[in-house]
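**Q** Below is the file entry_31.cif, which contains mmCIF, C-alpha atoms.
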```cif
data_query
loop_
_atom_site.label_atom_id
_atom_site.label_comp_id
_atom_site.auth_asym_id
_atom_site.auth_seq_id
_atom_site.Cartn_x
_atom_site.Cartn_y
_atom_site.Cartn_z
CA MET A 19 -27.80 93.38 196.66
CA LYS A 20 -29.22 94.58 199.97
CA THR A 21 -29.69 98.06 201.30
CA THR A 22 -28.35 99.06 204.68
CA ASP A 23 -30.44 99.24 207.81
CA LYS A 24 -29.94 100.30 211.40
CA SER A 25 -28.70 96.82 212.39
CA ALA A 26 -25.86 96.89 209.86
CA LEU A 27 -22.13 97.30 210.25
CA LEU A 28 -20.70 98.95 207.15
CA ASP A 29 -17.33 99.01 205.50
CA LEU A 30 -16.97 101.99 203.20
CA LEU A 31 -14.59 104.39 201.52
CA ILE A 32 -14.87 108.08 202.32
CA ASP A 33 -13.34 110.24 199.59
CA ILE A 34 -13.05 113.98 200.14
CA SER A 35 -11.97 116.27 197.32
CA TRP A 36 -11.46 120.03 197.40
CA LYS A 37 -9.47 122.82 195.80
CA LYS A 38 -7.65 125.78 197.25
CA HIS A 39 -5.27 128.32 195.70
CA GLY A 40 -5.20 126.35 192.46
CA VAL A 41 -4.18 123.02 194.03
CA ALA A 42 -6.48 119.98 193.90
CA HIS A 43 -6.66 117.72 196.96
CA GLU A 44 -8.07 114.22 197.41
CA GLU A 45 -8.34 112.44 200.75
CA ARG A 46 -9.40 108.82 201.22
CA TYR A 47 -10.32 107.33 204.56
CA VAL A 48 -11.31 103.66 204.88
CA VAL A 49 -13.98 102.86 207.47
CA HIS A 50 -14.48 99.39 208.89
CA GLY A 51 -17.47 98.65 211.08
CA LEU A 52 -19.51 101.83 210.88
CA ASN A 53 -22.53 101.23 213.10
CA ALA A 54 -25.55 102.36 211.10
CA TYR A 55 -27.58 102.74 214.31
CA ARG A 56 -25.12 104.78 216.38
CA ASP A 57 -22.67 106.43 213.97
CA ILE A 58 -25.02 108.13 211.51
CA PHE A 59 -26.48 111.32 212.93
CA PRO A 60 -29.47 113.33 211.65
CA SER A 61 -28.48 115.74 208.87
CA SER A 62 -25.05 114.11 208.59
CA PRO A 63 -23.78 113.55 205.00
CA LEU A 64 -23.49 109.89 205.99
CA GLU A 65 -27.29 109.64 205.96
CA SER A 66 -26.97 109.24 202.19
CA VAL A 67 -25.51 105.74 202.65
CA LYS A 68 -28.44 104.42 204.70
CA ASN A 69 -30.31 103.16 201.67
CA ALA A 70 -27.29 102.44 199.48
CA HIS A 71 -26.57 99.02 198.05
CA THR A 72 -23.33 97.20 198.63
CA GLY A 73 -21.02 98.30 195.81
CA GLU A 74 -22.93 101.53 195.23
CA VAL A 75 -21.17 104.89 195.04
CA VAL A 76 -22.93 107.92 196.56
CA ARG A 77 -21.77 111.47 195.84
CA THR A 78 -22.70 114.66 197.62
CA GLN A 79 -21.48 118.25 197.81
CA VAL A 80 -20.96 119.81 201.21
CA PRO A 81 -21.01 123.61 201.56
CA PRO A 82 -18.84 125.41 204.13
CA GLY A 83 -20.14 124.94 207.66
CA ALA A 84 -21.95 121.67 207.00
CA LEU A 85 -19.12 119.26 207.86
CA VAL A 86 -16.73 121.38 209.92
CA ASP A 87 -17.49 124.65 211.69
CA ASN A 88 -17.78 127.59 209.34
CA TYR A 89 -14.97 130.10 209.21
CA ASP A 90 -15.20 132.60 212.07
CA GLU A 91 -13.12 135.78 211.89
CA ARG A 92 -13.32 136.04 215.69
CA ARG A 93 -11.09 132.96 215.90
CA VAL A 94 -8.27 134.90 214.25
CA MET A 95 -6.57 136.90 216.98
CA LYS A 96 -3.39 138.57 218.14
CA ILE A 97 -1.70 137.18 221.24
CA PRO A 98 1.66 137.82 222.90
CA LEU A 99 4.50 135.45 222.03
CA SER A 100 4.79 134.73 225.75
CA ARG A 101 1.42 132.92 225.64
CA ILE A 102 2.71 130.20 223.30
CA SER A 103 5.24 127.60 224.31
CA HIS A 104 7.31 125.55 221.85
CA PRO A 105 9.43 122.74 223.33
CA GLU A 106 12.44 123.81 221.27
CA GLY A 107 12.09 127.55 221.43
CA PRO A 108 10.15 130.37 219.74
CA GLU A 109 12.32 130.36 216.59
CA HIS A 110 10.38 127.27 215.48
CA LEU A 111 7.11 129.22 215.48
CA GLN A 112 7.11 130.04 211.79
CA PRO A 113 4.25 131.74 209.85
CA GLY A 114 1.97 129.31 208.04
CA ARG A 115 2.81 126.41 210.35
CA PHE A 116 0.35 124.51 212.54
CA PHE A 117 0.80 123.80 216.23
CA PRO A 118 -1.38 122.22 219.00
CA GLN A 119 -3.86 124.64 220.55
CA GLY A 120 -2.83 123.33 223.96
CA TRP A 121 0.40 125.29 223.62
CA ILE A 122 -1.59 128.52 223.97
CA THR A 123 -2.45 129.97 227.37
CA GLY A 124 -4.86 132.73 228.34
CA VAL A 125 -7.35 132.25 225.46
CA PRO A 126 -10.96 131.41 226.42
CA GLY A 127 -11.99 127.90 225.37
CA VAL A 128 -8.42 126.69 224.81
CA PHE A 129 -7.06 124.25 227.35
CA LYS A 130 -3.82 122.42 227.96
CA GLY A 131 -3.83 119.04 226.24
CA ASN A 132 -5.93 120.27 223.30
CA TYR A 133 -4.27 118.84 220.18
CA HIS A 134 -6.56 120.49 217.67
CA PRO A 135 -4.31 122.60 215.44
CA PHE A 136 -4.04 126.33 215.26
CA ARG A 137 -2.24 128.12 212.46
CA LEU A 138 0.35 130.78 213.06
CA VAL A 139 -0.57 133.45 210.54
CA ASP A 140 2.13 136.03 211.21
CA ARG A 141 4.57 137.26 213.84
CA ASP A 142 5.71 140.77 214.58
CA GLY A 143 8.20 141.27 217.36
CA THR A 144 6.56 139.99 220.52
CA MET A 145 3.07 139.52 219.02
CA LEU A 146 1.66 136.62 217.03
CA MET A 147 -1.40 136.39 214.82
CA VAL A 148 -3.07 132.98 215.18
CA ASP A 149 -6.01 131.32 213.45
CA LEU A 150 -7.97 128.77 215.52
CA ASN A 151 -10.37 127.80 212.71
CA HIS A 152 -10.49 124.25 211.37
CA PRO A 153 -8.06 123.87 208.42
CA LEU A 154 -11.03 123.06 206.14
CA ALA A 155 -13.23 125.91 207.38
CA GLY A 156 -14.72 127.89 204.52
CA VAL A 157 -13.92 125.23 201.90
CA ASP A 158 -16.45 123.61 199.55
CA LEU A 159 -16.05 119.84 199.83
CA ASN A 160 -17.08 117.00 197.54
CA LEU A 161 -17.78 113.72 199.32
CA THR A 162 -17.95 110.27 197.76
CA PHE A 163 -19.01 107.18 199.71
CA GLU A 164 -18.49 103.68 198.34
CA ILE A 165 -20.08 100.80 200.22
CA LEU A 166 -17.53 97.99 200.35
CA GLY A 167 -19.55 95.55 202.42
CA ARG A 168 -22.06 95.09 205.18
CA SER A 169 -22.73 92.66 207.98
CA LEU A 170 -25.46 92.30 210.60
CA LYS A 171 -24.92 92.72 214.32
CA GLN A 172 -26.13 90.02 216.66
CA ALA A 173 -27.78 92.60 218.89
CA GLU A 174 -27.58 96.29 219.81
CA ARG A 175 -26.54 96.62 223.45
CA GLY A 176 -25.22 100.15 223.49
CA GLY A 177 -21.64 101.26 223.13
CA SER A 178 -19.61 104.23 222.02
CA VAL A 179 -20.30 106.49 219.06
CA THR A 180 -17.61 106.99 216.43
CA GLU A 181 -17.68 110.25 214.47
CA TRP A 182 -16.13 108.90 211.28
CA LEU A 183 -16.36 112.13 209.31
CA GLU A 184 -14.55 113.99 212.08
CA ILE A 185 -11.79 111.39 211.92
CA ALA A 186 -11.63 111.63 208.12
CA THR A 187 -11.36 115.43 208.25
CA THR A 188 -8.69 115.54 210.96
CA GLY A 189 -5.52 116.53 209.12
CA PRO A 190 -6.79 117.44 205.65
CA GLY A 191 -6.50 121.15 205.02
CA MET A 192 -3.17 121.54 206.79
CA GLN A 193 -1.29 121.13 203.49
CA ALA A 194 -2.76 124.29 201.95
CA ARG A 195 -1.10 127.69 202.08
CA TYR A 196 -2.66 130.43 204.18
CA ASN A 197 -4.27 132.98 201.83
CA GLY A 198 -1.88 131.84 199.13
CA HIS A 199 1.25 132.94 201.01
CA PRO A 200 4.22 130.51 201.15
CA THR A 201 4.60 128.67 204.45
CA ALA A 202 7.86 129.52 206.23
CA PHE A 203 9.33 126.03 206.22
CA PHE A 204 12.83 127.13 205.21
CA TYR A 205 14.32 128.34 208.49
CA PRO A 206 18.08 127.85 209.07
CA THR A 207 18.00 124.58 211.06
CA ALA A 208 15.12 122.95 209.17
CA PHE A 209 17.37 120.82 206.97
CA LYS A 210 19.83 119.69 209.64
CA ARG A 211 19.98 116.00 210.47
CA GLU A 212 20.90 113.82 213.42
CA ASP A 213 23.61 112.11 211.35
CA GLU A 214 25.46 114.63 209.21
CA GLN A 215 28.02 112.13 207.94
CA SER A 216 28.15 111.46 204.21
CA ASP A 217 25.09 109.49 203.13
CA ASP A 218 27.10 106.96 201.17
CA LEU A 219 28.53 105.72 204.50
CA PHE A 220 25.05 105.14 205.92
CA TYR A 221 23.63 103.51 202.80
CA ARG A 222 26.70 101.42 202.04
CA GLN A 223 25.17 98.58 204.04
CA ASP A 224 22.66 96.35 202.24
CA ARG A 225 19.42 96.45 204.24
CA PHE A 226 16.70 94.97 202.04
CA VAL A 227 13.99 96.14 204.46
CA HIS A 228 10.39 96.99 203.59
CA HIS A 229 9.82 100.70 204.11
CA VAL A 230 6.02 100.30 204.32
CA ASP A 231 3.71 97.35 204.89
CA ALA A 232 2.30 95.28 202.04
CA THR A 233 -1.04 97.13 201.96
CA ALA A 234 0.63 100.52 201.72
CA GLY A 235 2.93 99.12 199.03
CA SER A 236 -0.09 98.04 197.00
CA THR A 237 -1.62 101.49 197.50
CA LEU A 238 1.54 103.11 196.16
CA GLU A 239 1.48 100.86 193.12
CA SER A 240 -2.18 101.67 192.44
CA MET A 241 -1.40 105.40 192.65
CA TYR A 242 1.45 105.07 190.17
CA GLN A 243 -0.70 102.95 187.89
CA LEU A 244 -2.75 106.05 187.10
CA LEU A 245 0.40 107.88 185.95
CA VAL A 246 2.28 105.20 184.01
CA SER A 247 1.66 104.19 180.41
CA ASN A 248 3.37 101.86 177.93
CA GLY A 249 6.53 103.06 176.22
CA GLN A 250 7.45 105.67 178.83
CA LYS A 251 10.98 106.48 179.89
CA VAL A 252 10.88 106.71 183.70
CA LEU A 253 13.24 108.08 186.36
CA ASP A 254 13.06 106.39 189.80
CA LEU A 255 14.70 108.85 192.16
CA MET A 256 16.36 107.69 195.40
CA ALA A 257 15.57 104.11 194.50
CA GLY A 258 16.27 100.93 196.44
CA TRP A 259 15.60 97.22 196.01
CA GLU A 260 11.81 97.57 195.90
CA SER A 261 10.02 99.38 193.12
CA HIS A 262 6.41 100.43 193.36
CA ILE A 263 6.22 101.13 189.64
CA PRO A 264 3.69 98.61 188.27
CA ARG A 265 5.30 95.78 186.31
CA ALA A 266 2.24 95.35 184.09
CA PHE A 267 3.39 98.16 181.78
CA ASP A 268 5.83 97.79 178.90
CA LEU A 269 8.13 100.68 179.75
CA SER A 270 10.86 101.82 177.40
CA GLU A 271 13.45 102.45 180.14
CA VAL A 272 13.49 102.80 183.92
CA HIS A 273 16.55 104.61 185.28
CA GLY A 274 17.25 104.45 189.00
CA ILE A 275 19.32 106.79 191.14
CA GLY A 276 20.32 105.54 194.57
CA LEU A 277 23.18 104.87 196.97
CA ASN A 278 23.30 101.11 197.47
CA PRO A 279 24.48 99.10 194.45
CA GLY A 280 23.35 95.78 195.91
CA GLU A 281 19.78 96.98 196.37
CA LEU A 282 19.65 98.76 193.01
CA LYS A 283 20.92 95.64 191.26
CA ALA A 284 18.13 93.62 192.89
CA ASN A 285 15.41 96.06 191.80
CA PRO A 286 13.30 94.08 189.27
CA VAL A 287 12.01 97.12 187.36
CA LEU A 288 15.18 99.12 186.71
CA THR A 289 16.82 98.83 183.31
CA ASP A 290 19.76 100.98 184.42
CA TYR A 291 20.97 102.71 187.58
CA ASN A 292 23.48 105.30 188.80
CA ILE A 293 25.06 105.62 192.23
CA GLN A 294 24.64 109.25 193.28
CA ASP A 295 24.33 111.10 196.57
CA LEU A 296 21.81 113.84 195.76
CA ASN A 297 22.68 115.71 198.95
CA ARG A 298 26.25 116.17 197.70
CA GLU A 299 25.61 116.16 193.94
CA PRO A 300 22.04 117.33 193.29
CA CYS A 301 22.56 117.87 189.56
CA LEU A 302 21.45 115.01 187.31
CA GLU A 303 23.56 113.61 184.49
CA TYR A 304 20.71 113.41 182.00
CA PRO A 305 19.92 115.67 179.04
CA ASP A 306 17.01 118.10 179.02
CA HIS A 307 13.51 116.73 178.34
CA PHE A 308 14.71 113.11 178.62
CA PHE A 309 12.01 111.44 180.77
CA ASP A 310 8.24 110.99 180.48
CA LEU A 311 7.72 110.42 184.20
CA ALA A 312 9.71 110.73 187.44
CA VAL A 313 8.87 109.22 190.82
CA CYS A 314 10.41 109.56 194.27
CA SER A 315 9.09 106.90 196.64
CA LEU A 316 9.42 107.09 200.43
CA SER A 317 12.62 109.15 200.37
CA VAL A 318 11.89 112.86 199.96
CA GLU A 319 12.38 113.40 203.70
CA TYR A 320 16.12 112.82 203.31
CA LEU A 321 16.79 115.64 200.83
CA THR A 322 18.82 118.53 202.29
CA ASP A 323 18.77 120.60 199.08
CA PRO A 324 15.34 119.76 197.70
CA LEU A 325 14.86 122.86 195.56
CA THR A 326 17.92 122.11 193.42
CA VAL A 327 16.79 118.52 193.00
CA PHE A 328 13.26 119.56 192.02
CA LYS A 329 14.64 122.06 189.51
CA GLU A 330 16.75 119.28 188.03
CA ILE A 331 13.73 116.99 187.79
CA ALA A 332 11.83 119.73 185.95
CA ARG A 333 14.77 120.08 183.55
CA VAL A 334 15.07 116.38 182.66
CA LEU A 335 11.30 115.85 182.26
CA LYS A 336 9.52 116.51 179.00
CA PRO A 337 7.00 119.40 178.93
CA GLY A 338 3.76 118.33 180.61
CA ALA A 339 5.39 115.27 182.21
CA CYS A 340 4.55 114.26 185.77
CA PHE A 341 6.74 114.13 188.87
CA ALA A 342 5.17 112.09 191.68
CA VAL A 343 6.50 112.21 195.25
CA THR A 344 5.15 109.70 197.76
CA PHE A 345 5.85 109.16 201.44
CA SER A 346 4.46 107.56 204.59
CA ASN A 347 5.15 107.93 208.31
CA ARG A 348 8.24 105.72 208.56
CA TRP A 349 11.86 106.68 207.84
CA PHE A 350 15.45 106.30 209.04
CA PRO A 351 15.54 108.80 211.96
CA GLN A 352 19.28 109.39 211.59
CA LYS A 353 18.89 110.75 208.09
CA ASN A 354 15.59 112.63 207.81
CA ILE A 355 15.74 116.41 207.92
CA ARG A 356 14.87 117.86 211.30
CA LEU A 357 11.80 119.70 210.01
CA TRP A 358 10.20 116.50 208.73
CA ALA A 359 9.80 114.97 212.18
CA ASP A 360 8.39 118.26 213.55
CA LEU A 361 5.55 118.39 211.04
CA HIS A 362 2.06 116.91 211.17
CA GLU A 363 1.67 114.31 208.42
CA PHE A 364 -0.59 116.59 206.38
CA GLU A 365 1.83 119.49 206.85
CA ARG A 366 4.41 117.28 205.12
CA LEU A 367 2.18 117.40 202.06
CA GLY A 368 2.41 121.17 202.35
CA LEU A 369 6.20 121.04 202.61
CA VAL A 370 6.49 118.95 199.44
CA LEU A 371 4.04 121.30 197.72
CA GLU A 372 6.38 124.17 198.63
CA TYR A 373 9.25 122.26 197.00
CA PHE A 374 7.22 122.05 193.79
CA MET A 375 6.15 125.69 193.94
CA ALA A 376 9.48 127.18 194.97
CA SER A 377 11.37 125.26 192.28
CA GLY A 378 9.34 127.16 189.67
CA GLY A 379 9.11 124.36 187.12
CA PHE A 380 5.74 122.76 187.85
CA GLU A 381 2.02 123.41 187.55
CA ARG A 382 -1.25 121.41 187.91
CA LEU A 383 -0.32 120.47 191.46
CA GLU A 384 -2.29 117.80 193.34
CA THR A 385 -2.13 116.04 196.69
CA LYS A 386 -3.60 112.69 197.69
CA SER A 387 -3.80 110.79 200.96
CA VAL A 388 -4.95 107.27 201.77
CA ARG A 389 -5.52 106.21 205.38
CA GLY A 390 -7.44 103.61 207.36
CA TYR A 391 -6.88 100.33 205.54
CA PRO A 392 -6.45 97.46 208.02
CA ARG A 393 -2.92 96.33 208.70
CA PRO A 394 -2.14 93.13 206.78
CA GLU A 395 -2.15 89.88 208.74
CA GLY A 396 1.33 88.62 209.44
CA ASP A 397 2.87 92.10 209.32
CA ARG A 398 5.49 92.64 212.02
CA TYR A 399 3.41 95.48 213.47
CA ALA A 400 0.02 93.78 213.11
CA GLY A 401 -0.50 93.53 216.86
CA GLN A 402 0.74 97.04 217.51
CA TYR A 403 -1.11 99.10 214.89
CA ALA A 404 -4.65 98.54 213.63
CA HIS A 405 -4.16 100.41 210.38
CA ALA A 406 -1.79 99.99 207.47
CA ASP A 407 0.81 102.68 206.90
CA PRO A 408 -0.76 105.84 205.45
CA VAL A 409 0.29 106.91 201.96
CA TYR A 410 0.65 110.51 200.81
CA MET A 411 1.39 111.76 197.31
CA VAL A 412 2.11 115.12 195.69
CA THR A 413 2.24 115.43 191.91
CA GLY A 414 3.08 118.23 189.54
CA ARG A 415 3.36 118.59 185.78
CA THR A 416 6.27 120.39 184.15
CA ARG A 417 5.40 123.71 182.57
CA ASN A 418 5.11 123.96 178.83
CA ARG A 419 8.36 125.61 177.82
CA GLY A 420 7.14 126.43 174.34
#
```
Take the structure in this file and express it as structure tokens.
**A**
Amino acid sequence: MKTTDKSALLDLLIDISWKKHGVAHEERYVVHGLNAYRDIFPSSPLESVKNAHTGEVVRTQVPPGALVDNYDERRVMKIPLSRISHPEGPEHLQPGRFFPQGWITGVPGVFKGNYHPFRLVDRDGTMLMVDLNHPLAGVDLNLTFEILGRSLKQAERGGSVTEWLEIATTGPGMQARYNGHPTAFFYPTAFKREDEQSDDLFYRQDRFVHHVDATAGSTLESMYQLLVSNGQKVLDLMAGWESHIPRAFDLSEVHGIGLNPGELKANPVLTDYNIQDLNREPCLEYPDHFFDLAVCSLSVEYLTDPLTVFKEIARVLKPGACFAVTFSNRWFPQKNIRLWADLHEFERLGLVLEYFMASGGFERLETKSVRGYPRPEGDRYAGQYAHADPVYMVTGRTRNRG
């Protein structure tokens, strides 16, 4: 058990937790090769890991302004609609949404090519209210660092500085509502798709493809492991041939709903399955309060009537039961809703949160994200991407109907 020193390269987990408008959020970023000499700045929260042992967990609270710039009311301003360009037209500039600051012209300190997000707060005729603050500005954050390992450099010969906490906080915060107001995700063309043919035609073909890499698959399974317990009756929504429900549990029943009988039959976890196109028939053929847990893995982006489906999930779940929705950054581009591809990955968490909230049947909402794990060796994209596929999850518990 050795402590770190300035000649060390560290591998560590950065966990960030925070709450806003009654929703709990957890973000995990995995760091490999943090240079203790170059990457830890004076007064940075990372200074707490300098004397930590390998395997040690260090926790610290970070007040607003200590990790990201504090909230500044001067960065909330009115500008003409003509000063913002959207590649597909101004109708896509919806209140609550985030867009790159580089789309704005005529604002001091904002330049073309700036991809830091701004939030559109409101629009009124030809004027827009925008907020240029960091999405986490004004939020109390809890940080947890876990030292996974350390190694010694041969020598220190200079090099670039990596601001790991800036990387870890790029994206988080975009899933939260603005002042508690619903984000305007539900505009008329949001749920259109490139391929509007019946889904059963597209999914009739057996594919048996992996929708995420092996590391992301293991992450999904570890997330579900915290929700599953022995004896449960589980619904696997929009299922395929792979199940990320852990096999270690003795489950009472696992019902699958999907579109490809060959893949569903090959799923090793399912005890039963139904062929059903939820975009044509969103109502579920199960009695009220039937399931202890429902999951939807890597498929929510294909739903064209999500609110009806979420209401149905709330109906078939027992009071207090969990519905977990997980996704990554890969999908069939012919079949995802148009809005999905337009959103930042953390905005997609916000979209799924809106599904939960607008359906009216859920409470105790939480989001989680996991990013930064190295891509597994032998993966088809190992030479193209350094990191494994990110994993995002939104969970809600059904309201107590009593």
**Q** Select from stretch 139-246 of chain A every residue with an atom at most 6 Å from any atom of stretch 74-94 of chain A, then for each give the shortest pair of atoms and their distance in Å to one decimal, using all atoms listed in the file, rows by chain and rising number, as CSV.
**A**
```
residue,atom,partner,partner_atom,distance
A:Val148,CA,A:Val94,CA,5.6
A:Asp149,CA,A:Val94,CA,4.3
A:Leu150,CA,A:Arg93,CA,5.2
A:Ala155,CA,A:Tyr89,CA,4.9
A:Gly156,CA,A:Pro82,CA,4.8
A:Val157,CA,A:Pro82,CA,5.4
A:Asp158,CA,A:Pro81,CA,5.0
A:Leu159,CA,A:Val80,CA,5.1
A:Asn160,CA,A:Gln79,CA,4.6
A:Leu161,CA,A:Thr78,CA,5.3
A:Thr162,CA,A:Arg77,CA,4.4
A:Phe163,CA,A:Val76,CA,5.1
A:Glu164,CA,A:Val75,CA,4.4
A:Ile165,CA,A:Glu74,CA,5.8
```
**Q** Taking the file as shown, what set of residues would the PyMOL selection byres ((chain A and resi 166) around 10) give back, as a PyMOL selection string?
**A** chain A and resi 28-31+48-50+71-75+163-165+167-168
**Q** Write out as an MDAnalysis selection string which residues come within 8 Å of A:Ser387 when counting all atoms listed in the file, dropping same-chain ones fewer than 4 positions away.
**A** chainID A and resid 44:46 408:411
**Q** Spell out the residues picked by the PyMOL selection byres ((chain A and resi 366) around 12) here, as a ChimeraX atom specification.
**A** /A:115-116,189-194,201,203,318-319,343-347,355,357-365,367-373,385-387,409-412
**Q** Enclose the full set of atoms of stretch 394-408 of chain A listed in the file within a box whose edges lie along x, y and z, apply 8 Å of padding to each of the six sides, and report centre and edge lengths in Å to one decimal as JSON.
**A**
```
{"center_x": 0.4, "center_y": 97.2, "center_z": 211.5, "size_x": 26.1, "size_y": 33.2, "size_z": 28.1}
```
**Q** Nearest residue to A:Tyr391 out of A:Ala234, A:Leu253, A:Ile58, A:Met147, using all atoms listed in the file?
**A**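 Using all atoms listed in the file, A:Tyr391 sits closest to A:Ala234.
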**Q** How many Å lie between atom CA of A:Ala202 and atom CA of A:Pro337, rounded to one decimal?
**A** 29.1 Å
**Q** Name the residues that the PyMOL selection byres ((chain A and resi 182) around 9) picks from the file above, as a PDB file with C-alpha atoms, in the frame of the given file, using the file's chain letters and numbers.
**A**
```pdb
ATOM      1  CA  VAL A  49     -13.980 102.860 207.470  1.00  0.00           C
ATOM      2  CA  LEU A  52     -19.510 101.830 210.880  1.00  0.00           C
ATOM      3  CA  ASP A  57     -22.670 106.430 213.970  1.00  0.00           C
ATOM      4  CA  ILE A  58     -25.020 108.130 211.510  1.00  0.00           C
ATOM      5  CA  THR A 180     -17.610 106.990 216.430  1.00  0.00           C
ATOM      6  CA  GLU A 181     -17.680 110.250 214.470  1.00  0.00           C
ATOM      7  CA  LEU A 183     -16.360 112.130 209.310  1.00  0.00           C
ATOM      8  CA  GLU A 184     -14.550 113.990 212.080  1.00  0.00           C
ATOM      9  CA  ILE A 185     -11.790 111.390 211.920  1.00  0.00           C
ATOM     10  CA  ALA A 186     -11.630 111.630 208.120  1.00  0.00           C
ATOM     11  CA  THR A 187     -11.360 115.430 208.250  1.00  0.00           C
TER      12      THR A 187
END
```
**Q** Name the residues within 7 Å of (3.9, 127.0, 222.4), counting all atoms listed in the file in the file's coordinates, and put them as a ChimeraX atom specification.
**A** /A:102-104,121-122
**Q** Dump as a PyMOL selection string all residues having an atom at most 6 Å from (14.1, 102.9, 183.4), computed in the file's coordinates with only C-alpha atoms.
**A** chain A and resi 251-252+271-273+288-289
**Q** By how many Å are atom CA of A:Cys340 and atom CA of A:Leu255 apart?
**A**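 If I compute the distance from atom CA of A:Cys340 to atom CA of A:Leu255, I get 13.2 Å.
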**Q** Find the residues around stretch 304-317 of chain A up to 10 Å (all atoms listed in the file counted), leave out those fewer than 3 positions away in its own chain, and share them as a short mmCIF file (atom, residue, chain, number, x, y, z; two decimals) with C-alpha atoms, keeping the file's coordinate frame.
**A**
```
data_model
loop_
_atom_site.label_atom_id
_atom_site.label_comp_id
_atom_site.auth_asym_id
_atom_site.auth_seq_id
_atom_site.Cartn_x
_atom_site.Cartn_y
_atom_site.Cartn_z
CA HIS A 229 9.82 100.70 204.11
CA VAL A 230 6.02 100.30 204.32
CA LEU A 238 1.54 103.11 196.16
CA TYR A 242 1.45 105.07 190.17
CA LEU A 245 0.40 107.88 185.95
CA VAL A 246 2.28 105.20 184.01
CA SER A 247 1.66 104.19 180.41
CA GLY A 249 6.53 103.06 176.22
CA GLN A 250 7.45 105.67 178.83
CA LYS A 251 10.98 106.48 179.89
CA VAL A 252 10.88 106.71 183.70
CA LEU A 253 13.24 108.08 186.36
CA ASP A 254 13.06 106.39 189.80
CA LEU A 255 14.70 108.85 192.16
CA MET A 256 16.36 107.69 195.40
CA ALA A 257 15.57 104.11 194.50
CA GLY A 258 16.27 100.93 196.44
CA GLU A 260 11.81 97.57 195.90
CA SER A 261 10.02 99.38 193.12
CA HIS A 262 6.41 100.43 193.36
CA ILE A 263 6.22 101.13 189.64
CA GLU A 271 13.45 102.45 180.14
CA VAL A 272 13.49 102.80 183.92
CA HIS A 273 16.55 104.61 185.28
CA GLY A 274 17.25 104.45 189.00
CA ILE A 275 19.32 106.79 191.14
CA CYS A 301 22.56 117.87 189.56
CA TYR A 320 16.12 112.82 203.31
CA LEU A 321 16.79 115.64 200.83
CA GLU A 330 16.75 119.28 188.03
CA ILE A 331 13.73 116.99 187.79
CA ALA A 332 11.83 119.73 185.95
CA ARG A 333 14.77 120.08 183.55
CA VAL A 334 15.07 116.38 182.66
CA LEU A 335 11.30 115.85 182.26
CA LYS A 336 9.52 116.51 179.00
CA PRO A 337 7.00 119.40 178.93
CA GLY A 338 3.76 118.33 180.61
CA ALA A 339 5.39 115.27 182.21
CA CYS A 340 4.55 114.26 185.77
CA PHE A 341 6.74 114.13 188.87
CA ALA A 342 5.17 112.09 191.68
CA VAL A 343 6.50 112.21 195.25
CA THR A 344 5.15 109.70 197.76
CA PHE A 345 5.85 109.16 201.44
CA SER A 346 4.46 107.56 204.59
CA ASN A 347 5.15 107.93 208.31
CA ARG A 348 8.24 105.72 208.56
CA TRP A 349 11.86 106.68 207.84
CA PHE A 350 15.45 106.30 209.04
CA ASN A 354 15.59 112.63 207.81
CA VAL A 409 0.29 106.91 201.96
CA TYR A 410 0.65 110.51 200.81
CA MET A 411 1.39 111.76 197.31
CA THR A 413 2.24 115.43 191.91
CA ARG A 415 3.36 118.59 185.78
CA THR A 416 6.27 120.39 184.15
#
```
**Q** Could you please determine the separation between atom CA of A:Leu27 and atom CA of A:Arg56 in Å, to one decimal place?
**A**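 Distance between the two atoms: 10.1 Å.
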**Q** Using only C-alpha atoms, which residue out of A:Pro153, A:Gly40, A:Pro113, A:Gly51 lies closest to A:Leu138?
**A** A:Pro113
**Q** Counting all atoms listed in the file, what is within 12 Å of A:Gly143, bar same-chain residues fewer than 2 positions away, as a list in words?
**A** Lys96, Ile97, Pro98, Leu99, Ser100, Pro108, Glu109, Asp140, Arg141, Met145, Leu146 and Met147 of chain A
